[in-house]
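File shown: entry_35.txt (compact mmCIF, C-alpha atoms).
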# COMPACT_ATOMS: atom_id res chain seq x y z
CA MET A 1 38.91 87.43 110.96
CA LYS A 2 38.81 85.96 107.48
CA HIS A 3 42.32 85.49 106.17
CA LEU A 4 43.63 87.79 103.46
CA PRO A 5 43.40 86.93 99.75
CA LYS A 6 46.66 85.54 98.50
CA HIS A 7 47.91 88.68 96.75
CA LEU A 8 47.59 90.67 99.97
CA GLN A 9 49.31 88.17 102.22
CA PRO A 10 52.80 89.22 103.22
CA ARG A 11 55.66 87.38 101.54
CA TRP A 12 58.32 86.06 103.88
CA ARG A 13 61.91 85.02 103.75
CA TYR A 14 63.36 82.57 106.25
CA LEU A 15 66.86 83.02 107.66
CA ALA A 16 68.72 79.96 108.91
CA VAL A 17 70.73 81.06 111.92
CA ALA A 18 73.51 79.11 113.64
CA LEU A 19 74.16 79.95 117.28
CA GLU A 20 77.08 79.32 119.56
CA ALA A 21 77.75 80.20 123.20
CA TRP A 22 79.89 79.11 126.14
CA PRO A 23 79.12 75.67 127.57
CA ASP A 24 77.28 77.01 130.62
CA ALA A 25 74.81 79.06 128.56
CA ASP A 26 71.16 78.08 128.65
CA ILE A 27 69.08 79.99 126.13
CA SER A 28 65.38 79.60 125.51
CA ARG A 29 63.36 80.54 122.46
CA SER A 30 61.73 83.46 124.25
CA ASP A 31 65.13 84.81 125.42
CA PHE A 32 66.40 84.72 121.86
CA GLN A 33 63.23 86.28 120.45
CA ARG A 34 63.52 89.11 122.97
CA ALA A 35 67.18 89.67 122.04
CA VAL A 36 66.29 89.78 118.34
CA TRP A 37 63.50 92.30 118.94
CA TYR A 38 65.75 94.48 121.07
CA ALA A 39 68.52 94.36 118.49
CA ALA A 40 66.12 95.22 115.67
CA GLY A 41 64.49 98.00 117.68
CA ASN A 42 67.82 99.51 118.63
CA LEU A 43 69.42 99.31 115.21
CA LEU A 44 66.48 99.91 112.86
CA GLY A 45 64.18 101.92 115.10
CA ASP A 46 60.49 101.18 115.54
CA PRO A 47 59.51 101.69 111.88
CA GLY A 48 62.37 99.59 110.55
CA SER A 49 61.78 96.93 113.15
CA ALA A 50 58.10 96.75 112.24
CA ASP A 51 58.97 96.50 108.54
CA ALA A 52 61.43 93.67 109.06
CA ASP A 53 59.02 91.96 111.47
CA CYS A 54 61.61 89.41 112.66
CA ARG A 55 60.08 86.42 114.36
CA VAL A 56 61.86 83.35 115.67
CA LEU A 57 59.97 80.35 114.31
CA HIS A 58 62.08 77.34 115.17
CA PHE A 59 64.63 77.28 117.89
CA ARG A 60 66.85 74.59 119.29
CA PHE A 61 69.71 75.12 121.69
CA GLU A 62 71.61 72.64 123.80
CA ASP A 63 75.12 72.18 125.16
CA GLY A 64 76.29 75.61 123.98
CA THR A 65 75.20 75.31 120.36
CA GLY A 66 71.96 75.76 118.48
CA GLU A 67 70.02 76.76 115.40
CA ALA A 68 67.02 78.91 114.66
CA VAL A 69 64.78 79.89 111.78
CA VAL A 70 64.02 83.62 111.79
CA ARG A 71 61.26 84.96 109.58
CA ALA A 72 61.59 88.37 107.95
CA ARG A 73 59.49 90.21 105.42
CA ARG A 74 60.63 89.77 101.83
CA GLY A 75 62.70 92.77 100.78
CA GLU A 76 63.78 93.37 104.37
CA VAL A 77 66.34 90.57 104.59
CA GLY A 78 69.26 93.03 104.69
CA PRO A 79 67.99 94.97 107.71
CA ALA A 80 66.99 91.68 109.40
CA ARG A 81 70.48 90.31 108.83
CA ALA A 82 71.98 93.50 110.27
CA ALA A 83 69.75 93.28 113.35
CA LEU A 84 70.72 89.63 113.88
CA ALA A 85 74.41 90.53 113.63
CA CYS A 86 73.89 92.96 116.51
CA VAL A 87 72.64 90.22 118.84
CA SER A 88 75.78 89.93 120.93
CA GLU A 89 74.19 88.66 124.14
CA VAL A 90 71.12 86.63 125.01
CA ASP A 91 69.96 86.78 128.62
CA GLY A 92 73.47 87.82 129.70
CA HIS A 93 75.22 85.04 127.78
CA PRO A 94 77.54 86.17 124.97
CA VAL A 95 76.49 84.48 121.72
CA GLY A 96 78.12 83.95 118.36
CA LEU A 97 75.71 84.05 115.46
CA HIS A 98 75.91 83.34 111.77
CA VAL A 99 73.25 83.45 109.05
CA ARG A 100 73.85 80.26 107.08
CA GLY A 101 71.39 81.06 104.36
CA VAL A 102 68.03 82.49 103.36
CA SER A 103 65.12 80.60 101.82
CA GLY A 104 61.61 81.26 100.58
CA THR A 105 60.00 78.51 102.66
CA VAL A 106 60.64 77.12 106.11
CA ARG A 107 61.00 73.67 104.64
CA THR A 108 63.82 74.47 102.22
CA CYS A 109 65.43 76.62 104.87
CA GLU A 110 65.61 73.67 107.24
CA GLU A 111 66.50 71.10 104.61
CA ARG A 112 69.22 73.14 103.02
CA TYR A 113 70.86 74.92 105.92
CA LEU A 114 69.86 73.36 109.22
CA GLY A 115 69.86 70.00 110.93
CA ARG A 116 73.61 69.57 110.68
CA ARG A 117 74.07 67.52 113.78
CA ALA A 118 76.85 68.94 115.86
CA GLY A 119 79.17 66.30 117.23
CA VAL A 120 78.65 65.01 120.75
CA ARG A 121 80.14 67.20 123.44
CA VAL A 122 82.55 65.44 125.75
CA GLU A 123 83.68 66.82 129.07
CA ARG A 124 87.21 65.88 130.06
CA ARG A 125 90.34 67.10 131.80
CA VAL A 126 92.65 68.93 129.42
CA VAL A 127 96.05 70.57 129.79
CA PHE A 128 95.95 74.16 128.56
CA GLU A 129 98.92 76.47 129.09
CA ASN A 130 100.53 73.96 131.47
CA ASP A 131 97.46 73.94 133.64
CA ARG A 132 94.99 71.09 134.19
CA ARG A 133 91.53 72.42 133.48
CA ARG A 134 88.08 71.17 132.65
CA GLY A 135 87.42 71.19 128.91
CA TYR A 136 84.30 70.76 126.81
CA VAL A 137 85.35 69.13 123.54
CA ARG A 138 83.31 68.96 120.34
CA ASP A 139 84.43 68.53 116.71
CA GLY A 140 88.01 69.51 117.52
CA ASN A 141 86.95 72.65 119.35
CA VAL A 142 87.54 72.94 123.08
CA ASP A 143 86.01 75.40 125.55
CA VAL A 144 88.41 75.49 128.48
CA ASP A 145 87.07 76.45 131.89
CA GLY A 146 89.30 78.75 133.91
CA PRO A 147 89.33 81.19 136.81
CA ASP A 148 88.41 84.11 134.50
CA GLY A 149 85.68 82.28 132.61
CA PHE A 150 85.92 80.20 129.47
CA THR A 151 88.56 80.33 126.76
CA GLY A 152 87.77 79.15 123.24
CA ALA A 153 90.48 76.84 121.90
CA THR A 154 91.01 73.88 119.61
CA GLU A 155 92.81 70.56 119.98
CA LEU A 156 95.81 72.35 118.50
CA ASP A 157 96.15 74.52 121.60
CA LEU A 158 96.12 71.66 124.10
CA ASP A 159 99.33 70.33 125.50
CA SER A 160 100.19 66.82 124.46
CA GLU A 161 99.76 64.86 127.69
CA SER A 162 96.02 65.49 127.69
CA THR A 163 95.26 64.08 124.26
CA MET B 1 87.64 88.81 102.67
CA TYR B 2 89.59 89.03 105.89
CA GLU B 3 88.76 89.94 109.47
CA ALA B 4 91.26 91.15 112.08
CA VAL B 5 90.81 89.61 115.52
CA HIS B 6 92.24 89.78 119.02
CA ALA B 7 93.38 86.32 120.12
CA HIS B 8 94.01 84.77 123.54
CA PRO B 9 95.54 86.03 125.86
CA ASP B 10 94.41 89.44 124.52
CA GLY B 11 90.99 87.99 123.73
CA ALA B 12 88.83 85.11 124.98
CA ALA B 13 89.60 82.61 122.21
CA THR B 14 92.83 81.32 120.74
CA ALA B 15 93.96 82.16 117.23
CA ALA B 16 93.25 78.57 116.15
CA ARG B 17 89.65 78.72 117.38
CA VAL B 18 88.96 82.07 115.74
CA ALA B 19 90.48 80.85 112.47
CA ALA B 20 88.31 77.71 112.55
CA THR B 21 85.17 79.79 113.10
CA ALA B 22 86.18 82.33 110.42
CA ALA B 23 86.74 79.51 107.93
CA ARG B 24 83.21 78.23 108.61
CA MET B 25 81.83 81.73 108.03
CA GLY B 26 83.50 81.91 104.64
CA TYR B 27 86.39 84.27 105.30
CA ASP B 28 89.52 83.88 103.17
CA GLY B 29 91.75 84.72 106.10
CA VAL B 30 92.14 86.22 109.54
CA VAL B 31 94.63 88.75 110.82
CA ILE B 32 95.75 88.05 114.38
CA ARG B 33 96.31 91.36 116.16
CA ALA B 34 98.71 89.86 118.63
CA ARG B 35 100.16 91.70 121.56
CA ASP B 36 100.93 88.87 123.95
CA ALA B 37 99.72 86.06 121.71
CA ALA B 38 102.33 84.05 119.82
CA PRO B 39 100.44 81.32 117.97
CA ASP B 40 101.91 78.69 115.68
CA TYR B 41 100.83 80.28 112.39
CA PRO B 42 101.70 77.50 109.90
CA ALA B 43 99.87 74.88 111.99
CA ILE B 44 96.76 77.05 112.24
CA ARG B 45 96.82 77.77 108.50
CA GLU B 46 96.89 74.07 107.81
CA ALA B 47 94.19 73.17 110.35
CA SER B 48 91.74 75.91 109.36
CA GLY B 49 92.44 75.93 105.63
CA ILE B 50 92.45 79.72 105.46
CA ASP B 51 95.17 82.34 105.52
CA VAL B 52 96.34 83.47 108.97
CA VAL B 53 98.32 86.71 109.06
CA ASP B 54 100.75 87.46 111.86
CA ALA B 55 100.16 91.03 112.89
CA VAL B 56 100.87 93.11 115.95
CA GLU B 57 98.74 95.83 117.44
CA ILE B 58 100.59 98.41 119.50
CA ALA B 59 98.56 99.81 122.38
CA ALA B 60 100.67 102.58 123.91
CA SER B 61 99.52 105.50 126.01
CA ASP B 62 101.63 108.06 124.17
CA PRO B 63 103.58 108.46 120.89
CA GLU B 64 106.95 108.05 122.65
CA GLY B 65 106.02 104.57 123.83
CA ALA B 66 104.44 103.68 120.49
CA SER B 67 107.51 104.86 118.57
CA GLY B 68 109.82 102.48 120.40
CA ALA B 69 107.40 99.59 119.89
CA VAL B 70 107.05 100.31 116.15
CA GLY B 71 110.80 100.20 115.68
CA GLY B 72 111.19 97.05 117.74
CA LEU B 73 108.25 95.03 116.39
CA ARG B 74 108.15 96.05 112.70
CA PRO B 75 110.73 93.52 111.47
CA ASP B 76 109.00 90.54 113.14
CA HIS B 77 105.45 90.90 111.81
CA THR B 78 103.71 90.98 108.45
CA LEU B 79 101.32 93.67 109.53
CA LEU B 80 101.66 96.39 112.14
CA SER B 81 98.86 98.50 113.55
CA VAL B 82 98.87 101.24 116.13
CA ARG B 83 95.82 101.62 118.33
CA GLY B 84 94.72 105.24 118.28
CA GLY B 85 92.29 106.84 120.67
CA THR B 86 94.04 110.11 121.49
CA ASP B 87 94.78 112.97 119.13
CA ARG B 88 98.54 112.63 119.71
CA LEU B 89 98.55 108.89 118.97
CA ASN B 90 96.41 109.35 115.85
CA ARG B 91 98.76 112.08 114.67
CA PHE B 92 101.78 109.89 115.35
CA ALA B 93 100.36 106.89 113.48
CA VAL B 94 99.39 108.73 110.29
CA GLU B 95 102.85 110.33 110.08
CA GLN B 96 104.67 106.98 110.06
CA GLU B 97 105.15 105.15 106.79
CA ARG B 98 106.20 102.11 108.82
CA VAL B 99 102.71 101.87 110.33
CA ASP B 100 100.21 99.90 108.23
CA VAL B 101 97.03 100.56 110.17
CA LEU B 102 95.64 103.18 112.51
CA ALA B 103 93.18 101.11 114.57
CA ARG B 104 90.18 102.51 116.45
CA PRO B 105 91.06 106.16 115.84
CA MET B 106 87.78 107.45 117.28
CA ALA B 107 87.84 105.41 120.51
CA GLY B 108 88.03 107.40 123.73
CA ASP B 109 88.90 111.05 123.08
CA GLY B 110 90.45 110.39 119.68
CA ASP B 111 89.48 112.40 116.66
CA VAL B 112 90.45 112.52 113.00
CA ASN B 113 90.20 115.64 110.86
CA HIS B 114 91.01 116.43 107.24
CA VAL B 115 94.68 117.13 108.07
CA LEU B 116 95.21 113.71 109.59
CA ALA B 117 93.27 111.99 106.82
CA ASN B 118 95.42 113.71 104.19
CA ARG B 119 98.59 112.63 106.00
CA ALA B 120 97.26 109.07 106.18
CA ALA B 121 96.63 109.16 102.44
CA ALA B 122 100.14 110.49 101.79
CA ASN B 123 101.83 107.90 104.00
CA GLY B 124 99.62 104.95 103.04
CA VAL B 125 98.40 104.39 106.60
CA ARG B 126 95.06 102.57 106.55
CA ILE B 127 92.41 104.06 108.81
CA GLU B 128 90.19 101.49 110.48
CA PHE B 129 86.40 101.73 110.64
CA ASP B 130 85.68 99.96 113.91
CA PHE B 131 82.25 98.27 113.79
CA GLY B 132 82.71 96.82 117.30
CA PRO B 133 80.67 99.40 119.21
CA VAL B 134 77.92 99.27 116.56
CA LEU B 135 77.59 95.51 117.05
CA ARG B 136 78.09 95.22 120.78
CA SER B 137 77.08 98.40 122.58
CA THR B 138 73.75 100.13 123.06
CA GLY B 139 72.29 103.48 124.03
CA GLY B 140 74.41 106.61 124.28
CA GLU B 141 77.68 104.77 123.77
CA ARG B 142 76.46 103.41 120.47
CA VAL B 143 75.04 106.75 119.38
CA ARG B 144 78.43 108.38 119.99
CA ALA B 145 80.20 105.57 118.13
CA LEU B 146 77.85 105.97 115.14
CA ARG B 147 78.31 109.73 115.11
CA ASP B 148 82.11 109.30 115.16
CA LEU B 149 81.93 106.65 112.44
CA ARG B 150 79.96 108.97 110.22
CA LYS B 151 82.44 111.79 110.68
CA LEU B 152 85.35 109.46 110.00
CA ARG B 153 83.64 108.13 106.87
CA GLU B 154 83.17 111.63 105.47
CA VAL B 155 86.70 112.76 106.31
CA VAL B 156 88.29 109.59 104.88
CA ALA B 157 86.23 109.76 101.68
CA ASP B 158 87.12 113.42 101.16
CA ALA B 159 90.86 112.83 101.58
CA GLY B 160 90.83 109.58 99.60
CA ALA B 161 92.63 107.94 102.50
CA PRO B 162 92.99 104.14 102.49
CA PHE B 163 90.73 102.38 104.96
CA LEU B 164 89.84 99.04 106.52
CA VAL B 165 86.73 97.61 108.13
CA SER B 166 86.70 95.33 111.15
CA ALA B 167 84.31 94.30 113.91
CA ASN B 168 87.29 94.08 116.28
CA PRO B 169 86.20 90.70 117.63
CA ALA B 170 87.88 89.54 120.85
CA SER B 171 86.59 85.96 120.59
CA HIS B 172 85.05 83.49 118.14
CA LEU B 173 81.65 84.51 119.55
CA GLU B 174 82.13 88.15 118.54
CA LEU B 175 83.05 87.22 114.99
CA ARG B 176 80.41 88.05 112.38
CA ALA B 177 80.38 86.92 108.75
CA SER B 178 81.21 89.42 106.03
CA ARG B 179 77.64 89.51 104.69
CA GLU B 180 76.43 90.43 108.16
CA LEU B 181 78.98 93.24 108.41
CA VAL B 182 77.93 94.53 104.99
CA ALA B 183 74.28 94.51 106.14
CA VAL B 184 75.16 96.34 109.36
CA GLY B 185 77.22 98.84 107.39
CA GLU B 186 74.29 99.47 105.10
CA ALA B 187 72.00 100.03 108.09
CA VAL B 188 74.34 102.69 109.47
CA GLY B 189 74.97 104.51 106.20
CA PHE B 190 77.93 102.75 104.58
CA ASP B 191 77.92 101.85 100.93
CA PRO B 192 78.00 98.00 100.71
CA GLU B 193 80.98 98.10 98.35
CA THR B 194 82.91 100.27 100.84
CA VAL B 195 82.49 97.65 103.57
CA ARG B 196 83.53 94.84 101.21
CA ALA B 197 86.57 96.81 100.07
CA GLY B 198 87.46 97.50 103.71
CA LEU B 199 87.32 93.80 104.52
CA ARG B 200 89.34 92.81 101.43
CA GLU B 201 91.98 95.43 102.19
CA TRP B 202 93.39 93.40 105.12
CA GLY B 203 94.27 90.60 102.72
CA GLU B 204 95.70 92.93 100.09
CA LEU B 205 97.81 94.66 102.71
CA ALA B 206 99.11 91.33 103.98
CA ASP B 207 99.98 90.24 100.41
CA ARG B 208 101.82 93.49 99.75
CA ASN B 209 103.83 93.25 102.96
CA ARG B 210 104.68 89.58 102.40
CA HIS B 211 105.94 90.47 98.97
CA ARG B 212 108.01 93.32 100.40
CA ARG B 213 109.50 91.04 103.02
CA SER B 214 110.40 88.42 100.42
CA GLU B 215 113.97 87.96 99.22
CA ALA B 216 113.32 89.28 95.72
CA PHE B 217 112.11 92.67 96.83
CA VAL B 218 114.61 95.55 96.92
CA GLU B 219 112.38 98.61 96.87
CA PRO B 220 109.12 99.53 95.15
CA GLY B 221 109.74 98.97 91.42
CA VAL B 222 113.08 97.27 91.95
CA GLU B 223 113.22 93.49 92.28
CA ARG B 224 115.84 90.82 92.13
CA GLY B 225 115.13 88.07 89.61
CA ARG B 226 115.35 87.07 85.98
CA TYR B 227 114.83 89.78 83.46
CA ASP B 228 112.52 88.61 80.71
CA GLY B 229 112.27 91.81 78.70

What do you get writing this file as C-alpha cells?
Amino acid sequence: MKHLPKHLQPRWRYLAVALEAWPDADISRSDFQRAVWYAAGNLLGDPGSADADCRVLHFRFEDGTGEAVVRARRGEVGPARAALACVSEVDGHPVGLHVRGVSGTVRTCEERYLGRRAGVRVERRVVFENDRRRGYVRDGNVDVDGPDGFTGATELDLDSEST
Amino acid sequence: MYEAVHAHPDGAATAARVAATAARMGYDGVVIRARDAAPDYPAIREASGIDVVDAVEIAASDPEGASGAVGGLRPDHTLLSVRGGTDRLNRFAVEQERVDVLARPMAGDGDVNHVLANRAAANGVRIEFDFGPVLRSTGGERVRALRDLRKLREVVADAGAPFLVSANPASHLELRASRELVAVGEAVGFDPETVRAGLREWGELADRNRHRRSEAFVEPGVERGRYDG
C-alpha cells in the first residue's frame, strides 16, 4: 500500500533502555519483545497497549547486560515507561531495567544514551562471607554464585584475600 | 528522591550493590531495611556517592513480638519500620510514636480504615504505598494489590496521614528509577506529585531522625547551642 502522507504518519519517541540480569541469563530480542507486550497488555489493557504500540527496535544482550531501543507513540511515553518498569522477568530470568532517556529519533537515542561499553566481565574465584565462590566481576560489581543462586555484590563486600 | 530496599541476606543483593545501582538511576539515597544485614554504611556512602540510611524493618507475627523489637532496636537505627499485614500489627504500628513507618499494611490479610489512618496522622507514622506487587505480580494477585492500593490511597488522603512510596525491591534487579515509579503510579491512578512526595519523604524522615539523634537536640523546639537572638 502507498505510504501515508507525512502529516498522517505516526510520530514516535524512542526510549533508550538499559538491561541487567544474572550472569547465566540469555535473553533474545523476541523474548524481550514478548515480555514488553505482556507487561503493556497487563498494565495498560488492550486499548492502552495499542496506543503505546511499544516495539523493540534494537536489542543487544550479552554476559548479563544489555541495551535496547523501544519505540513508543509520541504522547504515550508515560504509559510506555510504566509498562517497561513492570517487566520484571524475561523468559524466566529476573531483569533489572532502566530507561536512560527518550529521543525523537533512533539516531540521537543511540548516540546520546546507548553504546556505553560495559567493562569486560571476568570470572574468578572470590571470597564472599568467608566462603570461596565463583564470581563474575565487572566494573567493580560482582555477581557471586552460590547454592541458592546468585548474590549481587561489589568489590567492597569481598573479603580481602581474594582481591 | 530515596528508595527503601531489602539488602542481603534479606534480599539477593548487598547494600553496596543496591546503592551503586540506585546512584546510577539518579536516586539521592537508599534506605536499607535491614533485619539481618549489617553493612558498613560509611564505606558504602563513599563508594556510591549517595546517602545510605541505616534502617531496620521489624517483621513480627504479633504486636507483642513487635513491641519488644521496637524497644530494643530503636536506639540503634536512624529509621524504624514495622511490617504490617495483619489488622493487629497495623493497629499496633500506628499507635506507636516510636515507629517511623508502617510498611506493607495491605499485604496478606491486613487492612487500614479511617480510624487507623487518623491515628497514623496523629502519631506521625508514615504509611507505605507498596508498589512491589504492581511491578512484579500478575493476574488476580495484582488486581487485589491494586484494589487495596486504591483503598489505602483514599483513606490516607482523607485522614491527611503521612505516607511513603516504595517498590520494595529485594535486589538491584528489582530497583526501578523514580521516573519509572511515577509513570507506574500514574497508570494505576496516583497523582505524579504524590508519588514524588512519597519517594522524597524517606530522605526527609531520615534527615529529621538524624537531627533528633544529634547531640544538640533536646526535644522538638528545644536545642542546645548558641543563642543568636

* Asked: Which residue out of B:His114, B:His172, B:Arg33, B:Arg226 has the minimum interatomic distance to chain A when only C-alpha atoms are used?
  ->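 Selected residue with least distance to chain A: B:His172.
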
* To do: Figure out the distance between CA of Leu175 in chain B and CA of Gly96 in chain A, please, to one decimal in Å.
  =>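 Between CA of Gly96 in chain A and CA of Leu175 in chain B the gap is 6.8 Å.
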
* Asked: At most 9 Å from (90.4, 116.3, 102.1), file frame, only C-alpha atoms: which residues, as a count of residues only?
  -> 12

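All protein, DNA and RNA residues at most 12 Å from (105.5, 113.7, 112.3) are B:Pro63, B:Glu64, B:Ser67, B:Arg88, B:Leu89, B:Asn90, B:Arg91, B:Phe92, B:Ala93, B:Val94, B:Glu95, B:Gln96, B:Glu97, B:Leu116, B:Arg119, B:Ala120, B:Asn123, using only C-alpha atoms.
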
Take the residues just selected and output them with C-alpha atoms as a CSV table (one decimal), in the frame of the given file.
chain,number,residue,atom,x,y,z
B,63,PRO,CA,103.6,108.5,120.9
B,64,GLU,CA,107.0,108.0,122.6
B,67,SER,CA,107.5,104.9,118.6
B,88,ARG,CA,98.5,112.6,119.7
B,89,LEU,CA,98.6,108.9,119.0
B,90,ASN,CA,96.4,109.4,115.8
B,91,ARG,CA,98.8,112.1,114.7
B,92,PHE,CA,101.8,109.9,115.4
B,93,ALA,CA,100.4,106.9,113.5
B,94,VAL,CA,99.4,108.7,110.3
B,95,GLU,CA,102.8,110.3,110.1
B,96,GLN,CA,104.7,107.0,110.1
B,97,GLU,CA,105.2,105.2,106.8
B,116,LEU,CA,95.2,113.7,109.6
B,119,ARG,CA,98.6,112.6,106.0
B,120,ALA,CA,97.3,109.1,106.2
B,123,ASN,CA,101.8,107.9,104.0

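Minimum atom-to-atom distance to His77 in chain B, evaluated using all atoms listed in the file, belongs to B:Val31 out of B:Val31, B:Ala19, B:Ala167, B:Ile44.
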
* 8 Å contacts from chain A to chain B using all atoms listed in the file, as JSON, numbers by chain -> {"A": [20, 21, 42, 43, 44, 78, 79, 81, 82, 83, 85, 86, 87, 88, 94, 95, 96, 97, 98, 99, 141, 150, 151, 152, 153, 154, 156, 157]}

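Taking CA of Val69 in chain A and CA of Tyr14 in chain A as endpoints, the distance between them is 6.3 Å.
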
* **Close residues, Val77 in chain A itself excluded, 8 Å, only C-alpha atoms, min 4 positions apart in chain, as a ChimeraX atom specification** => /A:13,52,72-73,81

Any chance you could export the current selection's C-alpha atoms as a JSON list (two decimals), in the frame of the given file?
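Writing the result to again27.json gives the following:
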[["chain", "number", "residue", "atom", "x", "y", "z"],
["A", 13, "ARG", "CA", 61.91, 85.02, 103.75],
["A", 52, "ALA", "CA", 61.43, 93.67, 109.06],
["A", 72, "ALA", "CA", 61.59, 88.37, 107.95],
["A", 73, "ARG", "CA", 59.49, 90.21, 105.42],
["A", 81, "ARG", "CA", 70.48, 90.31, 108.83]]

* To do: May I ask which of the residues B:Tyr2, B:Tyr27, B:Tyr41, B:Phe163 is the closest one to Asp130 in chain B, counting all atoms listed in the file?
  =>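 Checking each candidate against Asp130 in chain B, we get B:Phe163 as the closest.
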
* Asked: CA of Arg45 in chain B and CA of Gly66 in chain A, how far apart in Å?
  ->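 Those two atoms sit 26.9 Å apart.
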
* Tell me which protein, DNA and RNA residues are within 7 Å of range 199-210 of chain B, counting only C-alpha atoms, leaving out same-chain ones fewer than 2 positions away, and put them as a PyMOL selection string. => chain B and resi 1-3+53+78-79+164-166+195-197+212-214

* Structure fact -> Using only C-alpha atoms, the best pick from A:Arg138, A:His93, A:Arg55, A:Arg11 as closest to Ala118 in chain A would be A:Arg138

* Polymer residues at most 10 Å from Trp12 in chain A, only C-alpha atoms, same-chain spacing of 6 or more positions, as a list of chain:residue names ->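 What passes the distance filter is A:Ala52, A:Asp53, A:Cys54, A:Arg71, A:Ala72, A:Arg73, A:Arg74, A:Gly75, A:Glu76, A:Val77, A:Ser103, A:Gly104, A:Thr105, A:Val106.
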
* To do: Identify which of the residues A:Ala18, A:Gly119, A:Ser28, A:Leu84 lies closest to Ser49 in chain A, counting all atoms listed in the file when measuring atom-to-atom distances.
  => A:Leu84

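Of the residues listed (A:Asp159, A:Gln9, A:Val70, A:Lys2), A:Val70 shows the shortest atom-to-atom separation from Val102 in chain A; distances use all atoms listed in the file.
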
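When the distance limit is 9 Å and all atoms listed in the file are what count, the residues near range 105-111 of chain B, minus those fewer than 5 positions from it on the same chain, are B:Arg83, B:Gly84, B:Gly85, B:Thr86, B:Asp87, B:Arg88, B:Leu89, B:Asn90, B:Ile127, B:Glu128, B:Phe129, B:Asp130, B:Ala145, B:Asp148, B:Leu149, B:Leu152.
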
Using the incomplete input, complete range 76-88 of chain A to the level of N, CA and C atoms; output as a CSV table (one decimal), keeping the file's coordinate frame.
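Result went into result.csv, see below:
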chain,number,residue,atom,x,y,z
A,76,GLU,N,63.2,92.8,103.2
A,76,GLU,CA,63.8,93.4,104.4
A,76,GLU,C,64.8,92.4,104.9
A,77,VAL,N,65.4,91.6,104.1
A,77,VAL,CA,66.3,90.6,104.6
A,77,VAL,C,67.6,91.3,105.1
A,78,GLY,N,68.0,92.3,104.3
A,78,GLY,CA,69.3,93.0,104.7
A,78,GLY,C,69.2,93.6,106.1
A,79,PRO,N,68.1,94.4,106.3
A,79,PRO,CA,68.0,95.0,107.7
A,79,PRO,C,67.9,93.9,108.8
A,80,ALA,N,67.2,92.8,108.4
A,80,ALA,CA,67.0,91.7,109.4
A,80,ALA,C,68.3,91.1,109.7
A,81,ARG,N,69.1,90.9,108.7
A,81,ARG,CA,70.5,90.3,108.8
A,81,ARG,C,71.3,91.2,109.7
A,82,ALA,N,71.2,92.5,109.5
A,82,ALA,CA,72.0,93.5,110.3
A,82,ALA,C,71.5,93.4,111.7
A,83,ALA,N,70.2,93.3,112.0
A,83,ALA,CA,69.8,93.3,113.4
A,83,ALA,C,70.3,92.0,114.0
A,84,LEU,N,70.2,90.9,113.3
A,84,LEU,CA,70.7,89.6,113.9
A,84,LEU,C,72.2,89.7,114.2
A,85,ALA,N,73.0,90.4,113.4
A,85,ALA,CA,74.4,90.5,113.6
A,85,ALA,C,74.7,91.3,114.9
A,86,CYS,N,73.7,92.2,115.3
A,86,CYS,CA,73.9,93.0,116.5
A,86,CYS,C,73.4,92.2,117.8
A,87,VAL,N,73.0,91.0,117.6
A,87,VAL,CA,72.6,90.2,118.8
A,87,VAL,C,74.0,89.7,119.4
A,88,SER,N,74.5,90.4,120.4
A,88,SER,CA,75.8,89.9,120.9
A,88,SER,C,75.6,89.2,122.2
